[in-house]
Amino acid sequence: MLYIFCPHCGSRSQNEFAYGGDATVKRPDLNNEISDQEWNNFVYLRKSPRGKHLELWHHISGCRQWIKVERDTSTHEIFKTYKADELIE
Amino acid sequence: MQKYSVFSLIKNAFSDHQNWEVAWKDPTPKKEYDVIIIGGGGHGLATAYYLAKEHNITNVAIIEKGWIGGGNVGRNTTIIRSNYLHDDNALFSEFGMNLWRKMSQDLNYNVMFSPRGIINLAHSDAQMNAYSRRGNSMRLNGIDAVLLNREEVQKLIPMADFSDNVRFPIFGGLMQPSAGTARHDAVAWGYARQADSMGVDIIQNCEVTGFDVTNGKIVGVRTSRGDIKAKKVGLCVAGSTNILAEMLNMTLPIETHLLQACVSEPVKPLLDHVVTFGAGHFYCSQSDKGEMVMGGDLDGYNSYSQRGNLPTLQHVLTEGIAMFPFLSKLKMLRTWGGIMDMSMDGSPIIDKTHIDGLYLNCGWCYGGFKATPASGWTFAHTIAQNRVHELNAGYSLNRFNTGDLIDEKGLGTKTWIS
């Protein structure tokens with residue numbers, strides 16, 4: 001069982017959350033010409049690293065906020081969690 | 001190579017089974033090979049076997065960071081089927097079914113292929129319509145498919161929950177009678193033994209640490225046991241694909257996720273088929289030892305851990321008990337996990353890459369085991385001829401760019417949602 005620290009609610013069990021995937025993927029800016037390759041990169045390509053992974057989780061059975069979680073994909077250690085709009089250095 | 005038969009079994013019984021030949025050798029890596037296959041799982045071993053058998057390429061090494069058959073080929077639920085809707089998947093898998101049917105004879109190794117049939121349960125009229133469409137599509141591709149109504153399903157699996165007051169009543173099901181199971185370890189060992197006998201070097205405990213690429217062409221791999229030169233390199237590493245891709249500065253339409261499976265204590269024979277629950281993700285069959293072999297959903301977040309988490313197992317088994325209430329009385333014997341290369345459309349990739357001499361075999365999602373012979377056969381063809389075979393032409397790496405997805409289930413890019 002993962003325990004995820006929701007920045008809004010505190011530590012909660014994984015059962016309250018839904019996973020939202022890689023949080024580093026960036027949608028191409030609106031109103032710009034974009035190539036098929038850029039769109040392909042955004043929609044389909046993923047680094048999926050072994051180790052530190054910044055990912056989105058949705059606290060769907062709690063405060064219903066989206067959050068970002070920095071987690072190790074091989075040990076499941078959670079290093080830090082952020083609010084969705086928090087700037088990450 | 002010593003031929004396995006009832007006579008060799010009797011002969012060796014007299015010497016207390018102490019004089020069997022080793023099934024494959026433990027060679028030191030040579031300086032150079034024509035082809036290096038990275039990954040000594042089912043697909044890698046099968047690829048080496050078909051390279052030697054179909055294309056006479058025997059200066060081949062299989063490099064495996066652990067031991068052969070220790071990854072997903074030894075961690076799956078042994079199901080073999082070709083009940084696909086889309087042509088690319090159906091024709092590829094049915095080609096594989098034909099290889100499965102003669103595999104024990106081909107490899108002189110009993111893989112215990114058991115075509116016991118698979119039944120996908122339907123729990124609504126809409127699902128019956130979808131199955132009827134899938135069944136028709138299968139039959140057009142020459143694959144056996146039978147649409148069963150509720151009574152017909154009840155005759156085959158009377159132990160399923162047919163009571164009145166259930167959340168997901170059984171409306172019927174789609175059956176592929178020629179589908180089945182095989183002993184997964186034997187598949188790896190059978191391919192390994194034959195590949196070894198034809199001159200393939202199986203190098204275990206040898207981890208790839210990097211690649212040598214010169215002027216856009218692969219020239220060798222760096223490993224924990226030294227640098228090895230190669231004219232061609234094939235990647236067959238399932239859940240570790242992204243790790244190797246990073247060494248090559250490639251980003252792929254693949255995410256690595258964890259899938260669990262489990263077996264119950266052994267019980268007397270009661271389930272003759274492979275059965276899948278239609279209102280969730282759960283499948284079940286009974287092994288020859290009597291254990292109920294079960295599996296279902298991914299753990300639901302990127303993972304390289306090779307061991308599972310309890311909430312998912314609990315969720316999957318809740319579905320299992322909804323389908324087969326008797327399962328609640330059984331004790332769990334073992335649970336385990338394997339890491340899956342989940343592709344963005346649910347279908348695999350067997351293709352060349354932008355690096356000359358580098359070939360890619362990945363994206364097997366839930367269905368890697370049954371694809372073992374067809375994957376090895378087509379990957380060997382792709383490597384040997386430096387062009388894809390028509391059977392794997394649809395499994396191109398570029399299809400995500402061109403929009404030619406093979407979205408068998410229409411799930412989109414959320415690979416962890418099943």
# chains A, B, ... in the order shown; residues from 1 in each chain; ligands from 1

$ interface_residues --of "chain B" --to "chain A" --cutoff "9 Å" --atoms "only C-alpha atoms" --output "PyMOL selection string"
chain B and resi 240+242-243+245-246+250-256+300-306+309-311+343-344+400-402+413-416

$ residues_around --residues "region 67-75 of chain B" --least-positions-apart "2" --cutoff "6 Å" --atoms "only C-alpha atoms" --output "list of chain:residue names"
B:Gly40, B:Gly41, B:Gly42, B:His184, B:Asp185, B:Ala188, B:Gln204, B:Gly338

$ select_by_dssp --residues "chain A" --states "alpha helix (DSSP H)" --output "list of chain:residue names"
A:Asp36, A:Gln37, A:Glu38, A:Trp39, A:Asn40, A:Asn41, A:Phe42, A:Val43

$ select_by_dssp --residues "region 147-245 of chain B" --states "strand (DSSP E or B)" --output "ChimeraX atom specification"
/B:147-149,172-176,180-181,201-203,208-214,217-223,226-235

$ write_last_selection --atoms "N, CA and C atoms" --output "mmCIF file, in the first residue's frame"
data_model
loop_
_atom_site.group_PDB
_atom_site.id
_atom_site.type_symbol
_atom_site.label_atom_id
_atom_site.label_comp_id
_atom_site.auth_asym_id
_atom_site.auth_seq_id
_atom_site.Cartn_x
_atom_site.Cartn_y
_atom_site.Cartn_z
ATOM 1 N N LEU B 147 -20.013 -18.339 -30.439
ATOM 2 C CA LEU B 147 -20.743 -17.476 -29.523
ATOM 3 C C LEU B 147 -21.670 -18.361 -28.675
ATOM 4 N N LEU B 148 -21.523 -18.283 -27.359
ATOM 5 C CA LEU B 148 -22.294 -19.136 -26.465
ATOM 6 C C LEU B 148 -23.388 -18.326 -25.784
ATOM 7 N N ASN B 149 -24.571 -18.925 -25.607
ATOM 8 C CA ASN B 149 -25.582 -18.256 -24.803
ATOM 9 C C ASN B 149 -25.419 -18.684 -23.332
ATOM 10 N N GLY B 172 -23.723 -14.686 -21.616
ATOM 11 C CA GLY B 172 -23.184 -15.637 -22.584
ATOM 12 C C GLY B 172 -21.688 -15.461 -22.648
ATOM 13 N N GLY B 173 -21.116 -15.815 -23.786
ATOM 14 C CA GLY B 173 -19.672 -15.653 -23.897
ATOM 15 C C GLY B 173 -19.172 -15.957 -25.294
ATOM 16 N N LEU B 174 -17.924 -15.589 -25.520
ATOM 17 C CA LEU B 174 -17.260 -15.900 -26.779
ATOM 18 C C LEU B 174 -16.183 -16.927 -26.474
ATOM 19 N N MET B 175 -16.188 -18.024 -27.244
ATOM 20 C CA MET B 175 -15.220 -19.076 -26.981
ATOM 21 C C MET B 175 -14.324 -19.293 -28.204
ATOM 22 N N GLN B 176 -13.047 -19.443 -27.935
ATOM 23 C CA GLN B 176 -12.124 -19.934 -28.973
ATOM 24 C C GLN B 176 -11.671 -21.316 -28.525
ATOM 25 N N GLY B 180 -5.627 -22.101 -25.473
ATOM 26 C CA GLY B 180 -5.263 -22.973 -24.366
ATOM 27 C C GLY B 180 -4.142 -22.439 -23.510
ATOM 28 N N THR B 181 -3.345 -23.373 -22.997
ATOM 29 C CA THR B 181 -2.216 -23.019 -22.135
ATOM 30 C C THR B 181 -1.012 -23.884 -22.528
ATOM 31 N N ASP B 201 25.294 -18.823 -28.646
ATOM 32 C CA ASP B 201 25.862 -18.679 -27.304
ATOM 33 C C ASP B 201 24.830 -18.032 -26.379
ATOM 34 N N ILE B 202 24.475 -18.735 -25.306
ATOM 35 C CA ILE B 202 23.550 -18.176 -24.320
ATOM 36 C C ILE B 202 24.387 -17.666 -23.157
ATOM 37 N N ILE B 203 24.468 -16.347 -23.030
ATOM 38 C CA ILE B 203 25.359 -15.742 -22.035
ATOM 39 C C ILE B 203 24.515 -15.119 -20.930
ATOM 40 N N VAL B 208 23.765 -5.461 -20.088
ATOM 41 C CA VAL B 208 24.173 -4.450 -21.068
ATOM 42 C C VAL B 208 24.292 -3.101 -20.370
ATOM 43 N N THR B 209 25.426 -2.431 -20.572
ATOM 44 C CA THR B 209 25.643 -1.130 -19.924
ATOM 45 C C THR B 209 25.698 0.010 -20.930
ATOM 46 N N GLY B 210 25.772 -0.329 -22.217
ATOM 47 C CA GLY B 210 25.800 0.733 -23.224
ATOM 48 C C GLY B 210 25.888 0.163 -24.623
ATOM 49 N N PHE B 211 25.838 1.059 -25.613
ATOM 50 C CA PHE B 211 25.887 0.638 -27.012
ATOM 51 C C PHE B 211 26.976 1.418 -27.734
ATOM 52 N N ASP B 212 27.591 0.802 -28.713
ATOM 53 C CA ASP B 212 28.521 1.517 -29.575
ATOM 54 C C ASP B 212 27.857 1.745 -30.926
ATOM 55 N N VAL B 213 27.617 3.010 -31.211
ATOM 56 C CA VAL B 213 26.998 3.384 -32.480
ATOM 57 C C VAL B 213 27.960 4.315 -33.211
ATOM 58 N N THR B 214 28.314 3.971 -34.456
ATOM 59 C CA THR B 214 29.203 4.831 -35.242
ATOM 60 C C THR B 214 28.525 5.177 -36.559
ATOM 61 N N LYS B 217 25.261 3.629 -37.273
ATOM 62 C CA LYS B 217 25.212 2.168 -37.398
ATOM 63 C C LYS B 217 25.678 1.530 -36.099
ATOM 64 N N ILE B 218 24.983 0.469 -35.718
ATOM 65 C CA ILE B 218 25.384 -0.213 -34.484
ATOM 66 C C ILE B 218 26.650 -1.024 -34.756
ATOM 67 N N VAL B 219 27.616 -0.945 -33.841
ATOM 68 C CA VAL B 219 28.827 -1.755 -34.039
ATOM 69 C C VAL B 219 29.085 -2.696 -32.868
ATOM 70 N N GLY B 220 28.385 -2.492 -31.760
ATOM 71 C CA GLY B 220 28.592 -3.419 -30.649
ATOM 72 C C GLY B 220 27.850 -2.981 -29.400
ATOM 73 N N VAL B 221 27.908 -3.837 -28.392
ATOM 74 C CA VAL B 221 27.305 -3.498 -27.101
ATOM 75 C C VAL B 221 28.369 -3.586 -26.016
ATOM 76 N N ARG B 222 28.216 -2.738 -25.006
ATOM 77 C CA ARG B 222 29.076 -2.807 -23.834
ATOM 78 C C ARG B 222 28.327 -3.549 -22.737
ATOM 79 N N THR B 223 29.018 -4.479 -22.107
ATOM 80 C CA THR B 223 28.339 -5.290 -21.101
ATOM 81 C C THR B 223 29.190 -5.388 -19.841
ATOM 82 N N GLY B 226 32.401 -7.207 -20.532
ATOM 83 C CA GLY B 226 33.260 -6.688 -21.591
ATOM 84 C C GLY B 226 32.496 -6.235 -22.820
ATOM 85 N N ASP B 227 33.204 -5.554 -23.716
ATOM 86 C CA ASP B 227 32.598 -5.072 -24.956
ATOM 87 C C ASP B 227 32.508 -6.221 -25.956
ATOM 88 N N ILE B 228 31.386 -6.277 -26.657
ATOM 89 C CA ILE B 228 31.208 -7.308 -27.674
ATOM 90 C C ILE B 228 30.794 -6.619 -28.966
ATOM 91 N N LYS B 229 31.503 -6.946 -30.051
ATOM 92 C CA LYS B 229 31.157 -6.358 -31.350
ATOM 93 C C LYS B 229 30.009 -7.140 -31.981
ATOM 94 N N ALA B 230 29.196 -6.442 -32.763
ATOM 95 C CA ALA B 230 28.095 -7.124 -33.451
ATOM 96 C C ALA B 230 27.694 -6.348 -34.686
ATOM 97 N N LYS B 231 27.315 -7.098 -35.727
ATOM 98 C CA LYS B 231 26.828 -6.443 -36.942
ATOM 99 C C LYS B 231 25.387 -6.003 -36.764
ATOM 100 N N LYS B 232 24.640 -6.827 -36.022
ATOM 101 C CA LYS B 232 23.230 -6.512 -35.793
ATOM 102 C C LYS B 232 22.886 -6.776 -34.327
ATOM 103 N N VAL B 233 21.984 -5.966 -33.775
ATOM 104 C CA VAL B 233 21.568 -6.137 -32.381
ATOM 105 C C VAL B 233 20.045 -6.070 -32.320
ATOM 106 N N GLY B 234 19.444 -7.015 -31.635
ATOM 107 C CA GLY B 234 17.997 -7.010 -31.447
ATOM 108 C C GLY B 234 17.661 -6.850 -29.975
ATOM 109 N N LEU B 235 16.733 -5.938 -29.666
ATOM 110 C CA LEU B 235 16.295 -5.749 -28.283
ATOM 111 C C LEU B 235 15.018 -6.539 -28.044
#

$ closest_residue --among "B:Thr378, B:Gln260, B:Asn108, B:Ser224" --to "Lys65 (chain B)" --atoms "only C-alpha atoms"
B:Ser224

$ closest_residue --among "B:Arg139, B:Arg150, B:Arg133, B:His257" --to "Tyr366 (chain B)" --atoms "only C-alpha atoms"
B:His257

$ atom_distance --atom1 "CA of Arg81 (chain B)" --atom2 "CA of Met138 (chain B)"
11.5 Å

$ atom_distance --atom1 "CA of Asn249 (chain B)" --atom2 "CA of Ile383 (chain B)"
21.2 Å
